[in-house]
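Shown next: model11.pdb, given as PDB, C-alpha atoms, pLDDT in the B column.
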```pdb
ATOM      1  CA  MET A 242    -123.187 204.239 -83.193  1.00 53.00           C
ATOM      2  CA  GLY A 243    -121.526 207.558 -82.768  1.00 76.00           C
ATOM      3  CA  LEU A 244    -121.757 210.826 -80.899  1.00 73.00           C
ATOM      4  CA  LYS A 245    -124.365 212.206 -83.283  1.00 74.00           C
ATOM      5  CA  THR A 246    -126.626 209.256 -82.456  1.00 78.00           C
ATOM      6  CA  TRP A 247    -126.080 209.450 -78.700  1.00 81.00           C
ATOM      7  CA  PHE A 248    -126.286 213.232 -78.470  1.00 79.00           C
ATOM      8  CA  PRO A 249    -128.505 214.502 -81.287  1.00 76.00           C
ATOM      9  CA  ARG A 250    -128.174 218.277 -81.817  1.00 77.00           C
ATOM     10  CA  ARG A 251    -125.695 218.408 -78.891  1.00 78.00           C
ATOM     11  CA  ALA A 252    -122.514 216.861 -80.335  1.00 82.00           C
ATOM     12  CA  TRP A 253    -119.962 219.161 -81.939  1.00 82.00           C
ATOM     13  CA  ILE A 254    -116.335 218.900 -82.952  1.00 84.00           C
ATOM     14  CA  ALA A 255    -114.156 221.461 -81.203  1.00 81.00           C
ATOM     15  CA  ALA A 256    -111.531 223.112 -83.367  1.00 80.00           C
ATOM     16  CA  PRO A 257    -108.913 224.668 -81.087  1.00 74.00           C
ATOM     17  CA  ARG A 258    -106.427 227.073 -82.650  1.00 71.00           C
ATOM     18  CA  PRO A 259    -103.242 226.823 -80.591  1.00 69.00           C
ATOM     19  CA  LEU A 260    -101.372 228.832 -83.263  1.00 70.00           C
ATOM     20  CA  TRP A 261     -98.822 226.145 -84.022  1.00 73.00           C
ATOM     21  CA  THR A 262     -97.196 225.587 -87.386  1.00 79.00           C
ATOM     22  CA  ASP A 263     -99.543 222.699 -88.220  1.00 78.00           C
ATOM     23  CA  ASP A 264    -102.799 224.624 -87.654  1.00 80.00           C
ATOM     24  CA  ASP A 265    -103.792 224.380 -91.315  1.00 86.00           C
ATOM     25  CA  LEU A 266    -103.368 220.598 -91.302  1.00 89.00           C
ATOM     26  CA  ARG A 267    -105.196 220.303 -87.968  1.00 85.00           C
ATOM     27  CA  LEU A 268    -108.134 222.353 -89.267  1.00 87.00           C
ATOM     28  CA  TRP A 269    -108.253 220.322 -92.494  1.00 91.00           C
ATOM     29  CA  ILE A 270    -108.456 217.104 -90.436  1.00 90.00           C
ATOM     30  CA  VAL A 271    -111.254 218.548 -88.286  1.00 89.00           C
ATOM     31  CA  GLU A 272    -113.133 219.530 -91.449  1.00 92.00           C
ATOM     32  CA  GLN A 273    -112.747 216.019 -92.879  1.00 94.00           C
ATOM     33  CA  VAL A 274    -114.043 214.422 -89.675  1.00 90.00           C
ATOM     34  CA  ALA A 275    -116.991 216.839 -89.582  1.00 90.00           C
ATOM     35  CA  GLN A 276    -117.827 216.084 -93.196  1.00 92.00           C
ATOM     36  CA  ARG A 277    -117.718 212.313 -92.672  1.00 90.00           C
ATOM     37  CA  THR A 278    -119.649 212.303 -89.394  1.00 87.00           C
ATOM     38  CA  GLY A 279    -122.139 215.066 -90.143  1.00 86.00           C
ATOM     39  CA  LEU A 280    -121.147 216.905 -86.973  1.00 88.00           C
ATOM     40  CA  CYS A 281    -120.781 220.681 -86.853  1.00 88.00           C
ATOM     41  CA  ILE A 282    -117.517 222.425 -85.994  1.00 88.00           C
ATOM     42  CA  ALA A 283    -117.275 224.814 -83.054  1.00 85.00           C
ATOM     43  CA  ALA A 284    -114.327 227.165 -82.641  1.00 80.00           C
ATOM     44  CA  SER A 285    -112.637 226.687 -79.296  1.00 77.00           C
ATOM     45  CA  SER A 286    -110.090 228.440 -77.177  1.00 72.00           C
ATOM     46  CA  SER A 287    -109.497 225.101 -75.420  1.00 67.00           C
ATOM     47  CA  PRO A 288    -111.996 225.523 -72.577  1.00 68.00           C
ATOM     48  CA  VAL A 289    -111.373 223.353 -69.543  1.00 70.00           C
ATOM     49  CA  MET A 290    -114.754 223.629 -67.805  1.00 72.00           C
ATOM     50  CA  HIS A 291    -118.264 224.618 -68.821  1.00 74.00           C
ATOM     51  CA  THR A 292    -119.184 226.465 -65.642  1.00 81.00           C
ATOM     52  CA  ARG A 293    -117.255 228.052 -62.752  1.00 84.00           C
ATOM     53  CA  LYS A 294    -118.782 225.527 -60.319  1.00 88.00           C
ATOM     54  CA  ARG A 295    -116.632 222.823 -61.963  1.00 86.00           C
ATOM     55  CA  LYS A 296    -113.298 224.529 -61.211  1.00 89.00           C
ATOM     56  CA  LYS A 297    -112.513 222.171 -58.317  1.00 90.00           C
ATOM     57  CA  VAL A 298    -112.945 219.198 -60.634  1.00 89.00           C
ATOM     58  CA  GLN A 299    -110.688 220.835 -63.217  1.00 87.00           C
ATOM     59  CA  ASP A 300    -108.060 221.565 -60.560  1.00 89.00           C
ATOM     60  CA  LEU A 301    -108.162 217.906 -59.497  1.00 91.00           C
ATOM     61  CA  LEU A 302    -107.789 216.654 -63.078  1.00 87.00           C
ATOM     62  CA  THR A 303    -104.895 219.030 -63.692  1.00 87.00           C
ATOM     63  CA  ALA A 304    -103.147 217.893 -60.499  1.00 91.00           C
ATOM     64  CA  VAL A 305    -103.556 214.226 -61.470  1.00 93.00           C
ATOM     65  CA  ARG A 306    -102.251 214.901 -65.001  1.00 88.00           C
ATOM     66  CA  MET A 307     -99.221 216.737 -63.633  1.00 92.00           C
ATOM     67  CA  GLY A 308     -98.574 214.266 -60.805  1.00 93.00           C
ATOM     68  CA  LYS A 309     -99.124 216.885 -58.088  1.00 93.00           C
ATOM     69  CA  THR A 310    -101.137 216.910 -54.863  1.00 87.00           C
ATOM     70  CA  VAL A 311    -104.246 219.013 -54.598  1.00 80.00           C
TER      71      VAL A 311
END
```
Take the structure in this file and express it as structure tokens.
Amino acid sequence: MGLKTWFPRRAWIAAPRPLWTDDDLRLWIVEQVAQRTGLCIAASSSPVMHTRKRKKVQDLLTAVRMGKTV
């Protein structure tokens, strides 16, 4: 089972464009995964939360990742 089965019409593959030298390869890989899974691709600017109410959670996750206190 995959994401498409668990989340019908709600699962997408995010394609961030960090503007690195391997962007073309990264996008090609995303396209291949989308083709094989049947998922759609959504352009992304690397969002970290879906609503402003979740900022505290994002701050906590960032602190944990960076080994800092909140």
Given the file shown, determine the residues that the PyMOL selection byres ((chain A and resi 280-285) around 12) selects; report them as a PDB file with C-alpha atoms, in the coordinates of the input.
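Result went into out.pdb, see below:
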```pdb
ATOM      1  CA  GLY A 243    -121.526 207.558 -82.768  1.00 76.00           C
ATOM      2  CA  LEU A 244    -121.757 210.826 -80.899  1.00 73.00           C
ATOM      3  CA  LYS A 245    -124.365 212.206 -83.283  1.00 74.00           C
ATOM      4  CA  THR A 246    -126.626 209.256 -82.456  1.00 78.00           C
ATOM      5  CA  PHE A 248    -126.286 213.232 -78.470  1.00 79.00           C
ATOM      6  CA  PRO A 249    -128.505 214.502 -81.287  1.00 76.00           C
ATOM      7  CA  ARG A 250    -128.174 218.277 -81.817  1.00 77.00           C
ATOM      8  CA  ARG A 251    -125.695 218.408 -78.891  1.00 78.00           C
ATOM      9  CA  ALA A 252    -122.514 216.861 -80.335  1.00 82.00           C
ATOM     10  CA  TRP A 253    -119.962 219.161 -81.939  1.00 82.00           C
ATOM     11  CA  ILE A 254    -116.335 218.900 -82.952  1.00 84.00           C
ATOM     12  CA  ALA A 255    -114.156 221.461 -81.203  1.00 81.00           C
ATOM     13  CA  ALA A 256    -111.531 223.112 -83.367  1.00 80.00           C
ATOM     14  CA  PRO A 257    -108.913 224.668 -81.087  1.00 74.00           C
ATOM     15  CA  ARG A 258    -106.427 227.073 -82.650  1.00 71.00           C
ATOM     16  CA  PRO A 259    -103.242 226.823 -80.591  1.00 69.00           C
ATOM     17  CA  LEU A 268    -108.134 222.353 -89.267  1.00 87.00           C
ATOM     18  CA  TRP A 269    -108.253 220.322 -92.494  1.00 91.00           C
ATOM     19  CA  ILE A 270    -108.456 217.104 -90.436  1.00 90.00           C
ATOM     20  CA  VAL A 271    -111.254 218.548 -88.286  1.00 89.00           C
ATOM     21  CA  GLU A 272    -113.133 219.530 -91.449  1.00 92.00           C
ATOM     22  CA  GLN A 273    -112.747 216.019 -92.879  1.00 94.00           C
ATOM     23  CA  VAL A 274    -114.043 214.422 -89.675  1.00 90.00           C
ATOM     24  CA  ALA A 275    -116.991 216.839 -89.582  1.00 90.00           C
ATOM     25  CA  GLN A 276    -117.827 216.084 -93.196  1.00 92.00           C
ATOM     26  CA  ARG A 277    -117.718 212.313 -92.672  1.00 90.00           C
ATOM     27  CA  THR A 278    -119.649 212.303 -89.394  1.00 87.00           C
ATOM     28  CA  GLY A 279    -122.139 215.066 -90.143  1.00 86.00           C
ATOM     29  CA  SER A 286    -110.090 228.440 -77.177  1.00 72.00           C
ATOM     30  CA  SER A 287    -109.497 225.101 -75.420  1.00 67.00           C
ATOM     31  CA  PRO A 288    -111.996 225.523 -72.577  1.00 68.00           C
ATOM     32  CA  VAL A 289    -111.373 223.353 -69.543  1.00 70.00           C
TER      33      VAL A 289
END
```
Tell me, as a PyMOL selection string, which residues lie within 10 Å of Leu301 (chain A), counting only C-alpha atoms; anything in the same chain fewer than 6 positions away does not count.
chain A and resi 307+309-311
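Computed from the coordinates, the CA of Ala304 (chain A) to CA of Met290 (chain A) distance equals 14.9 Å.
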Go ahead and compute the interatomic distance for CA of Trp247 (chain A) and CA of Arg295 (chain A), in Å to one decimal.
23.4 Å
Give me region 255-268 of chain A with N, CA, C and O atoms filled in, as a PDB file, keeping the file's coordinate frame.
```pdb
ATOM      1  N   ALA A 255    -114.857 220.238 -81.583  1.00 81.00           N
ATOM      2  CA  ALA A 255    -114.156 221.461 -81.203  1.00 81.00           C
ATOM      3  C   ALA A 255    -112.914 221.619 -82.066  1.00 81.00           C
ATOM      4  O   ALA A 255    -112.195 220.655 -82.316  1.00 81.00           O
ATOM      5  N   ALA A 256    -112.697 222.815 -82.536  1.00 80.00           N
ATOM      6  CA  ALA A 256    -111.531 223.112 -83.367  1.00 80.00           C
ATOM      7  C   ALA A 256    -110.671 224.155 -82.665  1.00 80.00           C
ATOM      8  O   ALA A 256    -110.802 225.349 -82.899  1.00 80.00           O
ATOM      9  N   PRO A 257    -109.784 223.706 -81.769  1.00 74.00           N
ATOM     10  CA  PRO A 257    -108.913 224.668 -81.087  1.00 74.00           C
ATOM     11  C   PRO A 257    -107.875 225.228 -82.043  1.00 74.00           C
ATOM     12  O   PRO A 257    -107.486 224.563 -83.001  1.00 74.00           O
ATOM     13  N   ARG A 258    -107.449 226.434 -81.818  1.00 71.00           N
ATOM     14  CA  ARG A 258    -106.427 227.073 -82.650  1.00 71.00           C
ATOM     15  C   ARG A 258    -105.250 227.464 -81.769  1.00 71.00           C
ATOM     16  O   ARG A 258    -105.126 228.594 -81.335  1.00 71.00           O
ATOM     17  N   PRO A 259    -104.368 226.515 -81.480  1.00 69.00           N
ATOM     18  CA  PRO A 259    -103.242 226.823 -80.591  1.00 69.00           C
ATOM     19  C   PRO A 259    -102.156 227.673 -81.246  1.00 69.00           C
ATOM     20  O   PRO A 259    -101.185 228.018 -80.602  1.00 69.00           O
ATOM     21  N   LEU A 260    -102.331 228.015 -82.522  1.00 70.00           N
ATOM     22  CA  LEU A 260    -101.372 228.832 -83.263  1.00 70.00           C
ATOM     23  C   LEU A 260    -100.008 228.155 -83.373  1.00 70.00           C
ATOM     24  O   LEU A 260     -98.970 228.749 -83.115  1.00 70.00           O
ATOM     25  N   TRP A 261    -100.036 226.884 -83.742  1.00 73.00           N
ATOM     26  CA  TRP A 261     -98.822 226.145 -84.022  1.00 73.00           C
ATOM     27  C   TRP A 261     -98.615 226.107 -85.523  1.00 73.00           C
ATOM     28  O   TRP A 261     -99.465 226.518 -86.304  1.00 73.00           O
ATOM     29  N   THR A 262     -97.497 225.607 -85.958  1.00 79.00           N
ATOM     30  CA  THR A 262     -97.196 225.587 -87.386  1.00 79.00           C
ATOM     31  C   THR A 262     -98.085 224.628 -88.172  1.00 79.00           C
ATOM     32  O   THR A 262     -98.229 224.786 -89.382  1.00 79.00           O
ATOM     33  N   ASP A 263     -98.700 223.659 -87.503  1.00 78.00           N
ATOM     34  CA  ASP A 263     -99.543 222.699 -88.220  1.00 78.00           C
ATOM     35  C   ASP A 263    -101.032 223.016 -88.111  1.00 78.00           C
ATOM     36  O   ASP A 263    -101.871 222.142 -88.321  1.00 78.00           O
ATOM     37  N   ASP A 264    -101.390 224.257 -87.796  1.00 80.00           N
ATOM     38  CA  ASP A 264    -102.799 224.624 -87.654  1.00 80.00           C
ATOM     39  C   ASP A 264    -103.612 224.348 -88.917  1.00 80.00           C
ATOM     40  O   ASP A 264    -104.747 223.892 -88.827  1.00 80.00           O
ATOM     41  N   ASP A 265    -103.050 224.613 -90.080  1.00 86.00           N
ATOM     42  CA  ASP A 265    -103.792 224.380 -91.315  1.00 86.00           C
ATOM     43  C   ASP A 265    -104.111 222.900 -91.490  1.00 86.00           C
ATOM     44  O   ASP A 265    -105.238 222.533 -91.851  1.00 86.00           O
ATOM     45  N   LEU A 266    -103.142 222.036 -91.209  1.00 89.00           N
ATOM     46  CA  LEU A 266    -103.368 220.598 -91.302  1.00 89.00           C
ATOM     47  C   LEU A 266    -104.394 220.158 -90.267  1.00 89.00           C
ATOM     48  O   LEU A 266    -105.317 219.395 -90.568  1.00 89.00           O
ATOM     49  N   ARG A 267    -104.264 220.654 -89.041  1.00 85.00           N
ATOM     50  CA  ARG A 267    -105.196 220.303 -87.968  1.00 85.00           C
ATOM     51  C   ARG A 267    -106.625 220.701 -88.351  1.00 85.00           C
ATOM     52  O   ARG A 267    -107.559 219.919 -88.181  1.00 85.00           O
ATOM     53  N   LEU A 268    -106.805 221.893 -88.871  1.00 87.00           N
ATOM     54  CA  LEU A 268    -108.134 222.353 -89.267  1.00 87.00           C
ATOM     55  C   LEU A 268    -108.671 221.530 -90.428  1.00 87.00           C
ATOM     56  O   LEU A 268    -109.857 221.196 -90.469  1.00 87.00           O
TER      57      LEU A 268
END
```
